[in-house]
Protein chains: 2
Amino acid sequence: MGMDPDTAGRASIKDVAQHAGVSPQTVSRVANGYVHVRPAMRERVLASMRELGYRPNSAARNLKSGRFRSIGLVAFNITTLGNERTLEAVAEAAASAGYTTTLIPVADPTGGNVAGAFGRLEEQAVDGIILIMSAELGSPDDLALTAGLPLVIVDSDVATGHALVDTDQEQGARSAMQHLLDLGHRRIAHVAGPESSYSARRRSETYRRVVQENDLPAVEMRRGNWTASSGLAAGAAILDSDPRPTAVFAANDQMALGVITAAHARGVRVPEDLSVMGFDDAPDSDTYWPALSTVHQNFDVVGQRATEILIAMIDGDPIPENQLIPTQLVVRDSTAAAPRDA
Amino acid sequence: MGMDPDTAGRASIKDVAQHAGVSPQTVSRVANGYVHVRPAMRERVLASMRELGYRPNSAARNLKSGRFRSIGLVAFNITTLGNERTLEAVAEAAASAGYTTTLIPVADPTGGNVAGAFGRLEEQAVDGIILIMSAELGSPDDLALTAGLPLVIVDSDVATGHALVDTDQEQGARSAMQHLLDLGHRRIAHVAGPESSYSARRRSETYRRVVQENDLPAVEMRRGNWTASSGLAAGAAILDSDPRPTAVFAANDQMALGVITAAHARGVRVPEDLSVMGFDDAPDSDTYWPALSTVHQNFDVVGQRATEILIAMIDGDPIPENQLIPTQLVVRDSTAAAPRDA
DNA sequence: CTGAAAGCGCTAACAC
DNA sequence: GTGTTAGCGCTTTCAG
């Protein structure tokens with residue numbers, strides 16, 4: 001032990017000081033790029049650092065500064081398209097602000113036990129938390145778990161007093177429905193996402209509202225679980241119903257893919273016989289057959305904004321107003337004018 | 001300052017001790033669930049903890065223990081299907097072993113500047129590193145950046161002396177080709193992934209080897225960038241070539257989707273006129289039209305295994321042999337017997 | 001420009 | 001069972 005220069009993190013600032021024949025303080029100054037150090041001495045210290053393979057101990061730094069320079073990302077599921085993209089944006093924004101990102105996976109709180117799912121969040125070595133719930137928050141108390149850490153919430157309903165950043169689901173869903181309306185569709189079906197998802201609920205609520213506002217004929221709503229195969233099942237049910245809807249608004253692109261596949265399987269032409277709208281603008285959706293009309297979500301903006309806000313809060317800024325990130329309608333080949341005889 | 005009980009992480013072990021009228025050591029014992037504490041005193045301490053909103057300072061713990069209980073995940077890109085799934089598996093495995101996962105995004109080292117991309121990896125507050133390169137490692141020296149930290153490499157070629165966990169790309173690609181061969185195909189095209197990707201290279205090398213071994217007619221290889229739209233372009237080129245191949249092996253499912261769409265656009269029937277194989281078994285691939293035959297990769301096993309190995313290395317175990325995780329052939333509806341007249 | 005001293009919050013080792 | 005002491009590696013005073 002101690003003989004192998006490869007052994008990680010051995011050399012302390014003291015060792016370097018001894019080796020270079022200076023005080024630990026001077027080493028610290030050099031390590032931090034402090035200016036008032038004589039070049040000759042700086043060189044000597046740097047040489048010793050290299051020779052000893054010195055690397056600063058961040059635990060000690062953290063202890064001193066009371067900061068971790070790390071933000072915690074709490075998510076129930078990081079493999080959904082949106083969460084994944086948001087996560088990457090957070091990691092990048094954090095990195096460029098000098099923060100690392102700590103992933104804190106929590107058990108899915110099915111059954112409403114959100115508090116239990118968090119575990120000992122407050123003990124994590126982070127300066128603040130971004131919560132990507134994709135689920136309903138039980139009560140404000142659940143957030144007490146964060147013990148006063150700065151907190152930004154994405155994709156969930158929130159008790160006031162916390163920062164919120166999210167896609168403007170209502171605007172997005174409205175633009176999708178309006179597009180179908182503009183094409184002359186009236187019998188429009190909806191494939192909703194899972195009930196536990198907040199964004200799914202926002203989209204289906206908007207769907208219902210638009211149906212009401214325009215006196216559209218009622219169509220039984222189907223529910224999927226975001227997967228393409230669940231969309232296939234929902235699409236089959238919709239296509240077998242009578243009278244058959246002329247358009248389907250699916251709550252995400254993958255379920256829309258399922259609906260399209262269900263149509264192919266029945267010889268129903270898309271978009272001639274059936275228009276299909278998605279939501280997300282997933283990377284593949286431009287290559288579906290036909291290319292999918294959808295609503296583009298700016299996940300990277302969501303992640304970036306959330307990170308900026310969190311870091312501002314860590315620095316002591318007040319909680320800003322809720323941030324709703326707008327979507328963009330993307331019209332491709334899966335939607336067309338409603339058939340005449342419908 | 002100090003008046004607001006909400007202020008994060010204020011109360012130290014000393015404050016609690018004072019409040020409860022005991023020594024800091026006793027507080028520490030209670031905090032760590034140490035047994036030899038009189039119940040009455042334990043209660044008193046716990047009450048003070050609650051009242052003061054005490055939460056242990058992990059920086060101090062880290063400093064004391066010399067361990068961070070965190071593993072660093074270094075990746076160039078976390079939004080590819082495989083990386084994302086691997087990442088989630090790592091985060092979960094790490095969590096259940098009491099470790100957090102720190103995301104360390106690095107700039108894509110296009111141009112071979114891998115070392116530069118790492119930045120100051122050795123300063124991160126982690127006990128070990130999992131490197132998901134998805135790219136070629138320039139030279140072993142690049143890894144010197146990790147400064148002796150335990151290191152597990154996923155999806156890359158490696159200089160010996162490091163642990164490697166990866167999908168058995170060769171076995172997977174071979175099984176895909178063998179499936180097409182068994183169906184009587186001989187003119188088989190390949191849509192490769194980007195040249196910078198190690199796994200893409202492994203798959204295309206295997207393709208070439210199988211072509212040679214079986215004296216198959218040469219077909220110009222096309223290269224995509226993993227996206228469905230690049231697969232569409234490659235598929236178009238393949239379908240327009242003469243003689244037309246009867247089968248295509250795409251290096252991932254998304255590009256396979258593009259090939260299928262190119263076929264639809266030309267009225268080429270899949271699988272009657274053209275068989276299409278993918279790779280990955282992406283979640284949507286069972287709902288493509290037709291359902292995609294592919295090779296299932298066990299990303300979660302890769303992530304889990306990598307984590308186990310890394311933690312073992314952190315605990316001082318020796319570097320184990322390379323771990324190759326097998327794949328499974330998944331036959332669905334996009335492949336069929338080669339047409340007679342081909 | 002450089003060094004010495006003190007202390008961040010916690011726990012291992014040792015008293016009592 | 002409980003308290004006291006010391007020190008992890010670093011940086012913020014304060015002296016020179």
# chains A, B, ... in the order shown; residues from 1 in each chain; ligands from 1
call {"tool": "residues_around", "arguments": {"residues": "Pro24 in chain B", "least_positions_apart": "4", "cutoff": "6 Å", "atoms": "only C-alpha atoms (C1' of nucleotides)", "output": "ChimeraX atom specification"}}
result
/B:13-14,17
call {"tool": "closest_atom_pairs", "arguments": {"of": "chain B", "to": "chain C", "cutoff": "7 Å", "atoms": "only C-alpha atoms (C1' of nucleotides)", "output": "tab-separated table"}}
result
residue	atom	partner	partner_atom	distance
B:Ser12	CA	C:DG9	C1'	6.7
B:Asn57	CA	C:DG9	C1'	6.5
B:Ala60	CA	C:DG9	C1'	5.1
B:Arg61	CA	C:DC10	C1'	5.7
B:Lys64	CA	C:DC10	C1'	6.8
call {"tool": "write_last_selection", "arguments": {"atoms": "N, CA and C atoms", "output": "short mmCIF file (atom, residue, chain, number, x, y, z; two decimals), in the first residue's frame"}}
result
data_model
loop_
_atom_site.label_atom_id
_atom_site.label_comp_id
_atom_site.auth_asym_id
_atom_site.auth_seq_id
_atom_site.Cartn_x
_atom_site.Cartn_y
_atom_site.Cartn_z
N SER B 12 -26.42 20.60 12.90
CA SER B 12 -25.35 19.60 12.87
C SER B 12 -25.54 18.63 14.02
N ASN B 57 -24.75 15.07 7.28
CA ASN B 57 -23.99 15.69 6.20
C ASN B 57 -23.12 14.63 5.53
N ALA B 60 -19.26 15.15 5.14
CA ALA B 60 -18.45 14.80 6.30
C ALA B 60 -18.26 13.29 6.39
N ARG B 61 -19.33 12.57 6.13
CA ARG B 61 -19.23 11.11 6.15
C ARG B 61 -18.25 10.63 5.10
N LYS B 64 -14.71 11.28 6.13
CA LYS B 64 -14.29 10.32 7.14
C LYS B 64 -13.98 8.95 6.52
#
call {"tool": "interface_residues", "arguments": {"of": "chain B", "to": "chain A", "cutoff": "8 Å", "atoms": "only C-alpha atoms", "output": "MDAnalysis selection string"}}
result
chainID B and resid 6:8 53 55:60 62:63 68 78:79 84:85 88 91:92 95 100:105 122:125 147:149 227:229 232 254 257:258 261 264 283:284 286:289
call {"tool": "write_last_selection", "arguments": {"atoms": "C-alpha atoms", "output": "PDB file, in the first residue's frame"}}
result
ATOM      1  CA  ASP B   6     -36.831  25.161   6.617  1.00  0.00           C
ATOM      2  CA  THR B   7     -33.331  26.253   5.833  1.00  0.00           C
ATOM      3  CA  ALA B   8     -31.674  23.173   4.473  1.00  0.00           C
ATOM      4  CA  GLY B  53     -34.751  18.887  11.197  1.00  0.00           C
ATOM      5  CA  ARG B  55     -30.019  15.496   8.409  1.00  0.00           C
ATOM      6  CA  PRO B  56     -26.574  13.980   8.337  1.00  0.00           C
ATOM      7  CA  ASN B  57     -23.989  15.693   6.205  1.00  0.00           C
ATOM      8  CA  SER B  58     -22.784  13.212   3.663  1.00  0.00           C
ATOM      9  CA  ALA B  59     -19.743  15.283   2.786  1.00  0.00           C
ATOM     10  CA  ALA B  60     -18.449  14.804   6.297  1.00  0.00           C
ATOM     11  CA  ASN B  62     -17.469  10.810   2.842  1.00  0.00           C
ATOM     12  CA  LEU B  63     -14.472  12.621   4.171  1.00  0.00           C
ATOM     13  CA  PHE B  68     -18.440   8.394  -1.795  1.00  0.00           C
ATOM     14  CA  ILE B  78     -27.487   8.834 -23.306  1.00  0.00           C
ATOM     15  CA  THR B  79     -30.372   8.989 -25.722  1.00  0.00           C
ATOM     16  CA  GLU B  84     -30.613   4.606 -22.011  1.00  0.00           C
ATOM     17  CA  ARG B  85     -31.619   1.134 -20.936  1.00  0.00           C
ATOM     18  CA  GLU B  88     -31.379   2.724 -16.027  1.00  0.00           C
ATOM     19  CA  ALA B  91     -28.884   3.269 -11.658  1.00  0.00           C
ATOM     20  CA  GLU B  92     -31.126   0.598 -10.222  1.00  0.00           C
ATOM     21  CA  ALA B  95     -29.224   2.040  -5.789  1.00  0.00           C
ATOM     22  CA  THR B 100     -25.920   6.640  -6.191  1.00  0.00           C
ATOM     23  CA  THR B 101     -25.143   7.169  -9.833  1.00  0.00           C
ATOM     24  CA  THR B 102     -23.433  10.310 -11.004  1.00  0.00           C
ATOM     25  CA  LEU B 103     -23.916  11.234 -14.622  1.00  0.00           C
ATOM     26  CA  ILE B 104     -20.828  12.559 -16.312  1.00  0.00           C
ATOM     27  CA  PRO B 105     -21.695  13.673 -19.814  1.00  0.00           C
ATOM     28  CA  GLU B 122     -10.495  12.109 -11.735  1.00  0.00           C
ATOM     29  CA  GLU B 123     -11.897  14.874  -9.594  1.00  0.00           C
ATOM     30  CA  GLN B 124     -15.403  13.557  -9.567  1.00  0.00           C
ATOM     31  CA  ALA B 125     -16.788  12.413  -6.277  1.00  0.00           C
ATOM     32  CA  ALA B 147      -6.348   8.044 -12.530  1.00  0.00           C
ATOM     33  CA  GLY B 148      -6.543   4.564 -11.233  1.00  0.00           C
ATOM     34  CA  LEU B 149     -10.214   4.578 -10.344  1.00  0.00           C
ATOM     35  CA  THR B 227     -31.916   6.892 -37.114  1.00  0.00           C
ATOM     36  CA  ALA B 228     -34.977   5.641 -38.937  1.00  0.00           C
ATOM     37  CA  SER B 229     -34.654   8.307 -41.578  1.00  0.00           C
ATOM     38  CA  LEU B 232     -35.038   5.061 -45.139  1.00  0.00           C
ATOM     39  CA  GLN B 254     -34.903   1.992 -36.222  1.00  0.00           C
ATOM     40  CA  LEU B 257     -38.058   0.594 -39.803  1.00  0.00           C
ATOM     41  CA  GLY B 258     -36.672   2.980 -42.388  1.00  0.00           C
ATOM     42  CA  THR B 261     -40.921   2.262 -45.036  1.00  0.00           C
ATOM     43  CA  HIS B 264     -43.815   0.429 -48.661  1.00  0.00           C
ATOM     44  CA  PRO B 283     -39.947  -1.685 -27.519  1.00  0.00           C
ATOM     45  CA  ASP B 284     -41.881  -0.605 -30.602  1.00  0.00           C
ATOM     46  CA  ASP B 286     -43.259  -5.688 -32.302  1.00  0.00           C
ATOM     47  CA  THR B 287     -45.758  -3.154 -33.597  1.00  0.00           C
ATOM     48  CA  TYR B 288     -44.052  -2.143 -36.808  1.00  0.00           C
ATOM     49  CA  TRP B 289     -45.936  -3.122 -39.951  1.00  0.00           C
TER      50      TRP B 289
END
call {"tool": "closest_residue", "arguments": {"among": "B:Ile314, B:Ala234, B:Val154, B:Val35", "to": "chain D", "atoms": "only C-alpha atoms (C1' of nucleotides)"}}
result
B:Val35
call {"tool": "residues_around", "arguments": {"residues": "Gly172 in chain B", "least_positions_apart": "6", "cutoff": "12 Å", "atoms": "only C-alpha atoms (C1' of nucleotides)", "output": "PyMOL selection string"}}
result
chain B and resi 166+178-179+199-200+202-204+206-207+249+251-252+277-281+294-298+324-330
call {"tool": "write_last_selection", "arguments": {"atoms": "N, CA and C atoms", "output": "compact mmCIF listing (two decimals), in the first residue's frame"}}
result
# COMPACT_ATOMS: atom_id res chain seq x y z
N ASP B 166 -20.21 -6.42 -22.28
CA ASP B 166 -20.85 -5.99 -23.52
C ASP B 166 -21.77 -7.08 -24.05
N GLN B 178 -27.79 -15.97 -39.96
CA GLN B 178 -28.11 -17.39 -40.10
C GLN B 178 -29.61 -17.57 -40.34
N HIS B 179 -30.40 -16.77 -39.66
CA HIS B 179 -31.85 -16.83 -39.85
C HIS B 179 -32.21 -16.56 -41.31
N SER B 199 -20.02 -1.00 -31.65
CA SER B 199 -20.95 -2.10 -31.86
C SER B 199 -21.38 -2.18 -33.32
N ALA B 200 -21.52 -1.02 -33.96
CA ALA B 200 -21.86 -1.03 -35.39
C ALA B 200 -20.76 -1.74 -36.17
N ARG B 202 -18.67 -4.00 -35.06
CA ARG B 202 -18.70 -5.43 -34.78
C ARG B 202 -19.75 -6.14 -35.62
N ARG B 203 -20.89 -5.48 -35.75
CA ARG B 203 -21.97 -6.12 -36.51
C ARG B 203 -21.65 -6.18 -38.00
N SER B 204 -21.09 -5.12 -38.53
CA SER B 204 -20.83 -5.15 -39.97
C SER B 204 -19.67 -6.09 -40.29
N THR B 206 -19.07 -8.83 -38.76
CA THR B 206 -19.67 -10.16 -38.73
C THR B 206 -20.46 -10.42 -40.00
N TYR B 207 -21.20 -9.40 -40.44
CA TYR B 207 -21.93 -9.53 -41.70
C TYR B 207 -20.98 -9.93 -42.83
N PHE B 249 -30.29 -6.88 -43.67
CA PHE B 249 -29.97 -6.95 -42.25
C PHE B 249 -29.56 -5.54 -41.82
N ALA B 251 -28.57 -2.75 -38.88
CA ALA B 251 -27.80 -2.85 -37.64
C ALA B 251 -28.58 -2.40 -36.41
N ASN B 252 -29.73 -1.79 -36.62
CA ASN B 252 -30.63 -1.60 -35.48
C ASN B 252 -32.08 -1.54 -35.96
N MET B 277 -34.43 -7.73 -41.34
CA MET B 277 -34.00 -8.07 -39.97
C MET B 277 -33.52 -6.81 -39.28
N GLY B 278 -33.87 -6.67 -38.02
CA GLY B 278 -33.33 -5.57 -37.23
C GLY B 278 -32.32 -6.05 -36.21
N PHE B 279 -32.04 -5.21 -35.23
CA PHE B 279 -31.14 -5.56 -34.14
C PHE B 279 -31.48 -4.65 -32.96
N ASP B 280 -31.71 -5.21 -31.82
CA ASP B 280 -31.98 -4.50 -30.55
C ASP B 280 -33.22 -5.04 -29.86
N ASP B 281 -34.26 -5.30 -30.66
CA ASP B 281 -35.58 -5.56 -30.10
C ASP B 281 -36.07 -4.34 -29.32
N THR B 294 -35.96 -9.61 -35.27
CA THR B 294 -34.80 -8.86 -34.78
C THR B 294 -33.98 -9.70 -33.82
N VAL B 295 -32.99 -9.07 -33.22
CA VAL B 295 -32.12 -9.74 -32.25
C VAL B 295 -32.26 -9.01 -30.92
N HIS B 296 -32.66 -9.72 -29.91
CA HIS B 296 -32.89 -9.08 -28.63
C HIS B 296 -31.59 -8.89 -27.86
N GLN B 297 -31.33 -7.65 -27.49
CA GLN B 297 -30.17 -7.34 -26.65
C GLN B 297 -30.63 -7.17 -25.21
N ASN B 298 -29.90 -7.73 -24.28
CA ASN B 298 -30.27 -7.62 -22.87
C ASN B 298 -29.51 -6.48 -22.20
N LEU B 324 -19.37 -11.31 -21.94
CA LEU B 324 -20.17 -11.13 -23.14
C LEU B 324 -21.59 -11.64 -22.88
N ILE B 325 -22.53 -10.74 -23.00
CA ILE B 325 -23.92 -11.11 -22.71
C ILE B 325 -24.59 -11.61 -23.99
N PRO B 326 -25.13 -12.80 -23.96
CA PRO B 326 -25.72 -13.35 -25.19
C PRO B 326 -27.02 -12.64 -25.59
N THR B 327 -27.33 -12.77 -26.87
CA THR B 327 -28.56 -12.19 -27.41
C THR B 327 -29.55 -13.32 -27.71
N GLN B 328 -30.77 -12.93 -28.07
CA GLN B 328 -31.75 -13.93 -28.48
C GLN B 328 -32.38 -13.51 -29.80
N LEU B 329 -32.47 -14.47 -30.71
CA LEU B 329 -33.13 -14.22 -31.98
C LEU B 329 -34.64 -14.12 -31.76
N VAL B 330 -35.24 -13.09 -32.34
CA VAL B 330 -36.69 -12.92 -32.22
C VAL B 330 -37.29 -12.93 -33.63
call {"tool": "atom_distance", "arguments": {"atom1": "CA of Thr246 in chain A", "atom2": "CA of Ala189 in chain A"}}
result
8.1 Å
call {"tool": "interface_residues", "arguments": {"of": "chain D", "to": "chain A", "cutoff": "7 Å", "atoms": "only C-alpha atoms (C1' of nucleotides)", "output": "PyMOL selection string"}}
result
chain D and resi 9-11
call {"tool": "atom_distance", "arguments": {"atom1": "CA of Ile132 in chain B", "atom2": "CA of Asn83 in chain A"}}
result
19.4 Å
